[in-house]
Every structure is written in C-alpha cells, then in structure tokens.
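So the structure is just underneath, and the comments pick up after that.
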Amino acid sequence: MIRDVARSQIAFALFIGVCVALHPGEVLKVNEGGLSNYGVHLQTAIPYTLALALASALSYRATRSLHTTRRETRHFKLLLLVYSGLTLLTLVTTYGYTLDTPQLDLHDAVGVMITLFEFASLLWMYFIVRRLVVVVVVGFAGFVLAALTFFGVLHVLFLTQVLIGGAFALLLVRTSRELA
C-alpha cells in the first residue's frame with residue numbers, strides 16, 4: 001500500500017515535471033496558467049495524461065490492500081478513493097475545457113473541489129501523523145494564494161497547485177506509512 005501511494009505521487013510529480021520541461025512558458029510566466037493547460041497541447045498531453053492517470057490508478061490500487069480495522073484507516077481509504085476519483089475527473093474534464101463555457105465551468109468546478117479536498121485532507125492527515133508542520137504551513141500558504149487567485153486578486157494558479165499538491169503528496173505518503 002505504501003509503495004502504491006508513494007509511486008502515485010512520484011509519477012504525478014515526474015510527469016508534470018516533464019510537462020514543465022517541455023513547455024515551461026505555459027506555467028512559468030506572469031499570468032500563469034494551471035496544470036490543465038498541459039492536457040490540451042499535443043506536446044505535453046501524453047505526460048500530463050500519464051501524470052494524472054497513474055496518480056489516480058495507483059491511489060485506487062493502494063486502497064485494495066488497505067486493512068480497515070481502525071477508524072483512521074477507513075477514513076484514509078475513503079480519502080484515497082476520493083482523491084483517485086477527483087484526479088480522474090480532472091483528467092477527463094481537461095480535454096474539452098477549451099471548447100466551450102459549460103466544459104470550462106465543469107473543469108473549474110472540479111479544480112475547486114480538488115483544491116478544497118487536498119487542503120482539508122492535508123489538515124486531517126496532519127492531525128493523524130502530528131509531523132511535518134512546515135508542510136502544513138506551506139499548504140496553508142498555497143490555499144490562501146488559491147483563494148486570492150480564485151477571486152481575481154492574483155493569478156498564481158500553478159504556484160497554488162504546486163504548494164497545495166506538494167504538501168498533500170508529502171502528507172499522503174507519510175500518513176500511508178503511519179497507518180500501514
């Protein structure tokens with residue numbers, strides 16, 4: 001279980017890193033876009049798809065070997081299932097979000113859901129492991145920046161995704177080790 005959780009996050013980071021290396025201007029500019037922009041460009045669509053598909057599939061597979069005798073473990077299994085589903089939903093809604101407003105709205109709604117989910121989950125995981133307080137602070141900073149981006153004060157979407165997603169990933173792996 002721990003290996004699948006770790007592999008899910010490593011695959012996500014690795015393939016998103018490939019996307020950034022192939023097309024850094026997509027997210028590393030003043031008016032930065034989000035990770036989903038990599039899913040609509042021919043050059044980066046395959047590594048983007050692999051990043052999200054592997055994160056989803058490996059997280060789901062981790063739930064198959066999780067023994068749910070403790071309440072925290074049952075909650076962690078649910079967390080992995082929801083994460084897997086939201087990640088897959090993000091991937092599926094990416095491909096059409098540039099075509100029309102309804103698809104963009106759906107994709108944005110999924111993006112808001114996964115941001116809220118990852119932030120709430122990292123707080124819950126912190127209370128389980130009682131370690132990595134700096135990681136939680138980084139996640140909180142990302143969440144504040146995400147709110148400011150959502151309301152149009154700033155436009156640092158990629159940065160918020162890296163901060164929240166990175167904090168979530170670290171706590172996800174640590175929690176899987178604690179609950180295994």
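As shown in the structure tokens, the chain order sets the letters A, B, ...; within each chain, residues go from 1, and ligands are also counted from 1 in the order they appear.
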
| request: Would you mind listing what lies within 12 Å of A:Arg174 as a PyMOL selection string, with only C-alpha atoms counted and same-chain residues fewer than 6 positions away left out? | output: chain A and resi 1-3+5-6+9+76+122+125-132+135+167-168+180

Tell me, counting only C-alpha atoms, for each residue of stretch 33-78 of chain A within 9 Å of stretch 140-164 of chain A, which pair of atoms is nearest and how far apart they are in Å to one decimal, in rows ordered by chain and increasing number, as a Markdown table.
```
| residue | atom | partner | partner_atom | distance |
| --- | --- | --- | --- | --- |
| A:Gly33 | CA | A:Leu157 | CA | 6.0 |
| A:Gly34 | CA | A:Phe158 | CA | 4.6 |
| A:Leu35 | CA | A:Phe158 | CA | 6.3 |
```

| Non-local contacts of stretch 106-114 of chain A (9 Å; only C-alpha atoms; under 4 positions in same chain excluded) as a VMD selection string | chain A and resid 83 86 to 87 89 to 90 92 to 94 96 to 97 101 to 102 118 to 119 150

Residue subset to file, keeping all heavy atoms, as a short mmCIF file (atom, residue, chain, number, x, y, z; two decimals), in the first residue's frame:
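out.cif, written as the output of this step:
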```cif
data_model
loop_
_atom_site.label_atom_id
_atom_site.label_comp_id
_atom_site.auth_asym_id
_atom_site.auth_seq_id
_atom_site.Cartn_x
_atom_site.Cartn_y
_atom_site.Cartn_z
N TYR A 83 -9.66 10.99 -3.68
CA TYR A 83 -8.53 11.58 -4.43
C TYR A 83 -8.41 10.93 -5.81
O TYR A 83 -8.26 11.62 -6.82
CB TYR A 83 -7.23 11.41 -3.64
CG TYR A 83 -6.02 11.79 -4.43
CD1 TYR A 83 -5.75 13.12 -4.75
CD2 TYR A 83 -5.13 10.82 -4.89
CE1 TYR A 83 -4.64 13.47 -5.50
CE2 TYR A 83 -4.02 11.15 -5.64
CZ TYR A 83 -3.78 12.48 -5.94
OH TYR A 83 -2.67 12.82 -6.70
N LEU A 86 -11.35 12.23 -7.97
CA LEU A 86 -11.20 13.64 -8.36
C LEU A 86 -10.07 13.83 -9.36
O LEU A 86 -10.16 14.66 -10.27
CB LEU A 86 -10.98 14.52 -7.13
CG LEU A 86 -12.20 14.79 -6.26
CD1 LEU A 86 -11.81 15.53 -4.98
CD2 LEU A 86 -13.26 15.58 -7.04
N THR A 87 -9.00 13.07 -9.18
CA THR A 87 -7.88 13.18 -10.11
C THR A 87 -8.29 12.68 -11.50
O THR A 87 -7.99 13.32 -12.51
CB THR A 87 -6.67 12.38 -9.58
OG1 THR A 87 -6.32 12.90 -8.29
CG2 THR A 87 -5.47 12.51 -10.50
N LEU A 89 -11.37 12.61 -12.62
CA LEU A 89 -12.34 13.59 -13.13
C LEU A 89 -11.63 14.84 -13.67
O LEU A 89 -12.04 15.40 -14.69
CB LEU A 89 -13.32 13.96 -12.01
CG LEU A 89 -14.59 14.69 -12.39
CD1 LEU A 89 -15.38 13.96 -13.47
CD2 LEU A 89 -15.46 14.91 -11.15
N THR A 90 -10.57 15.25 -13.00
CA THR A 90 -9.77 16.37 -13.50
C THR A 90 -9.22 16.05 -14.88
O THR A 90 -9.29 16.87 -15.81
CB THR A 90 -8.61 16.69 -12.54
OG1 THR A 90 -9.14 17.04 -11.27
CG2 THR A 90 -7.75 17.83 -13.06
N VAL A 92 -10.32 13.81 -17.12
CA VAL A 92 -11.38 13.68 -18.13
C VAL A 92 -11.92 15.06 -18.53
O VAL A 92 -12.19 15.29 -19.72
CB VAL A 92 -12.51 12.77 -17.59
CG1 VAL A 92 -13.73 12.81 -18.48
CG2 VAL A 92 -11.99 11.35 -17.45
N THR A 93 -12.07 15.96 -17.58
CA THR A 93 -12.63 17.28 -17.92
C THR A 93 -11.60 18.20 -18.56
O THR A 93 -11.98 19.25 -19.11
CB THR A 93 -13.23 17.98 -16.67
OG1 THR A 93 -12.20 18.20 -15.71
CG2 THR A 93 -14.37 17.17 -16.09
N THR A 94 -10.34 17.82 -18.52
CA THR A 94 -9.30 18.67 -19.12
C THR A 94 -9.44 18.76 -20.63
O THR A 94 -9.32 19.84 -21.20
CB THR A 94 -7.89 18.12 -18.78
OG1 THR A 94 -7.67 18.23 -17.38
CG2 THR A 94 -6.80 18.88 -19.52
N GLY A 96 -11.71 18.81 -22.87
CA GLY A 96 -12.69 19.64 -23.57
C GLY A 96 -12.87 21.03 -22.99
O GLY A 96 -13.68 21.80 -23.51
N TYR A 97 -12.11 21.39 -21.95
CA TYR A 97 -12.43 22.65 -21.28
C TYR A 97 -12.16 23.88 -22.12
O TYR A 97 -12.69 24.96 -21.84
CB TYR A 97 -11.74 22.73 -19.92
CG TYR A 97 -10.33 23.28 -19.91
CD1 TYR A 97 -10.09 24.64 -19.76
CD2 TYR A 97 -9.24 22.42 -20.01
CE1 TYR A 97 -8.80 25.14 -19.73
CE2 TYR A 97 -7.96 22.91 -19.98
CZ TYR A 97 -7.73 24.27 -19.84
OH TYR A 97 -6.46 24.75 -19.81
N THR A 101 -17.92 27.13 -22.81
CA THR A 101 -18.08 27.60 -21.43
C THR A 101 -18.59 26.52 -20.48
O THR A 101 -18.06 26.40 -19.36
CB THR A 101 -18.99 28.84 -21.39
OG1 THR A 101 -18.40 29.85 -22.22
CG2 THR A 101 -19.13 29.38 -19.98
N PRO A 102 -19.59 25.72 -20.84
CA PRO A 102 -20.03 24.68 -19.89
C PRO A 102 -18.91 23.71 -19.50
O PRO A 102 -18.80 23.32 -18.34
CB PRO A 102 -21.16 23.97 -20.64
CG PRO A 102 -21.69 24.98 -21.59
CD PRO A 102 -20.49 25.78 -22.01
N GLU A 118 -7.89 18.53 -1.20
CA GLU A 118 -6.49 18.33 -0.83
C GLU A 118 -6.13 19.15 0.41
O GLU A 118 -5.42 18.67 1.28
CB GLU A 118 -5.56 18.66 -2.00
CG GLU A 118 -5.56 17.61 -3.07
CD GLU A 118 -4.58 17.87 -4.19
OE1 GLU A 118 -4.02 19.00 -4.27
OE2 GLU A 118 -4.37 16.96 -5.01
N PHE A 119 -6.64 20.37 0.50
CA PHE A 119 -6.32 21.20 1.67
C PHE A 119 -6.94 20.62 2.93
O PHE A 119 -6.27 20.47 3.95
CB PHE A 119 -6.76 22.64 1.45
CG PHE A 119 -6.42 23.52 2.62
CD1 PHE A 119 -5.11 23.80 2.95
CD2 PHE A 119 -7.42 24.06 3.41
CE1 PHE A 119 -4.79 24.58 4.05
CE2 PHE A 119 -7.12 24.85 4.50
CZ PHE A 119 -5.79 25.11 4.81
N PHE A 150 -8.59 32.66 -7.14
CA PHE A 150 -9.98 32.39 -7.47
C PHE A 150 -10.79 33.68 -7.54
O PHE A 150 -11.64 33.86 -8.42
CB PHE A 150 -10.60 31.42 -6.46
CG PHE A 150 -12.03 31.09 -6.74
CD1 PHE A 150 -12.36 30.16 -7.72
CD2 PHE A 150 -13.06 31.71 -6.04
CE1 PHE A 150 -13.69 29.85 -8.00
CE2 PHE A 150 -14.39 31.40 -6.31
CZ PHE A 150 -14.70 30.47 -7.30
#
```

Who sits within 7 Å of A:Leu66, only C-alpha atoms, same chain under 3 positions skipped, as an mmCIF file with C-alpha atoms, in the first residue's frame:
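The resulting file, selection.cif, is reproduced below:
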```cif
data_model
loop_
_atom_site.group_PDB
_atom_site.id
_atom_site.type_symbol
_atom_site.label_atom_id
_atom_site.label_comp_id
_atom_site.auth_asym_id
_atom_site.auth_seq_id
_atom_site.Cartn_x
_atom_site.Cartn_y
_atom_site.Cartn_z
ATOM 1 C CA MET A 1 0.000 0.000 0.000
ATOM 2 C CA ALA A 62 -3.459 1.251 -2.727
ATOM 3 C CA THR A 63 -6.966 1.023 -1.288
ATOM 4 C CA LYS A 77 -9.134 4.582 2.420
#
```

| request: Would you mind telling me which residue in A:Ala120, A:Leu28, A:Leu88, A:Val133 lies nearest to A:Gly165 when using only C-alpha atoms? | output: A:Ala120

Mind checking which residues fall within 8 Å of A:Ala53, counting only C-alpha atoms, ignoring those fewer than 2 positions away in the same chain, and posting them as a JSON list (two decimals) with C-alpha atoms, in the first residue's frame?
```json
[["chain", "number", "residue", "atom", "x", "y", "z"],
["A", 49, "THR", "CA", -2.28, 12.15, -19.05],
["A", 50, "LEU", "CA", 0.25, 9.75, -17.54],
["A", 51, "ALA", "CA", 0.70, 12.02, -14.50],
["A", 55, "ALA", "CA", -1.79, 9.09, -9.70],
["A", 56, "SER", "CA", -5.44, 8.03, -9.87],
["A", 57, "ALA", "CA", -4.84, 4.36, -10.67],
["A", 87, "THR", "CA", -7.88, 13.18, -10.11],
["A", 88, "LEU", "CA", -9.51, 11.06, -12.81],
["A", 91, "LEU", "CA", -8.12, 14.42, -16.30]]
```

| request: Give me every alpha helix (DSSP H) residue in stretch 22-167 of chain A, going by DSSP on the backbone, as a VMD selection string. | output: chain A and resid 22 45 to 64 71 to 94 101 to 129 133 to 150 157 to 167

| Selection: 10 Å around A:Phe15, only C-alpha atoms, excl. self and same-chain fewer than 5 positions, as a ChimeraX atom specification | /A:10,20-21,44,46-52,54

| task | One decimal, Å: what's the distance from atom CA of A:Thr98 over to atom CA of A:Asn37, could you say? | result |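 For atom CA of A:Thr98 relative to atom CA of A:Asn37, the distance reads 9.2 Å.
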
| field | Nearest-residue call for A:Ser36, choices A:Leu99, A:Ile16, A:Leu58, A:Leu81, using only C-alpha atoms | value |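 The closest residue to A:Ser36 is A:Ile16.
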
| query | Which distance in Å separates atom CA of A:Val18 and atom CA of A:Phe117, to one decimal? | reply |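 Result for atom CA of A:Val18 versus atom CA of A:Phe117: 25.3 Å, one decimal.
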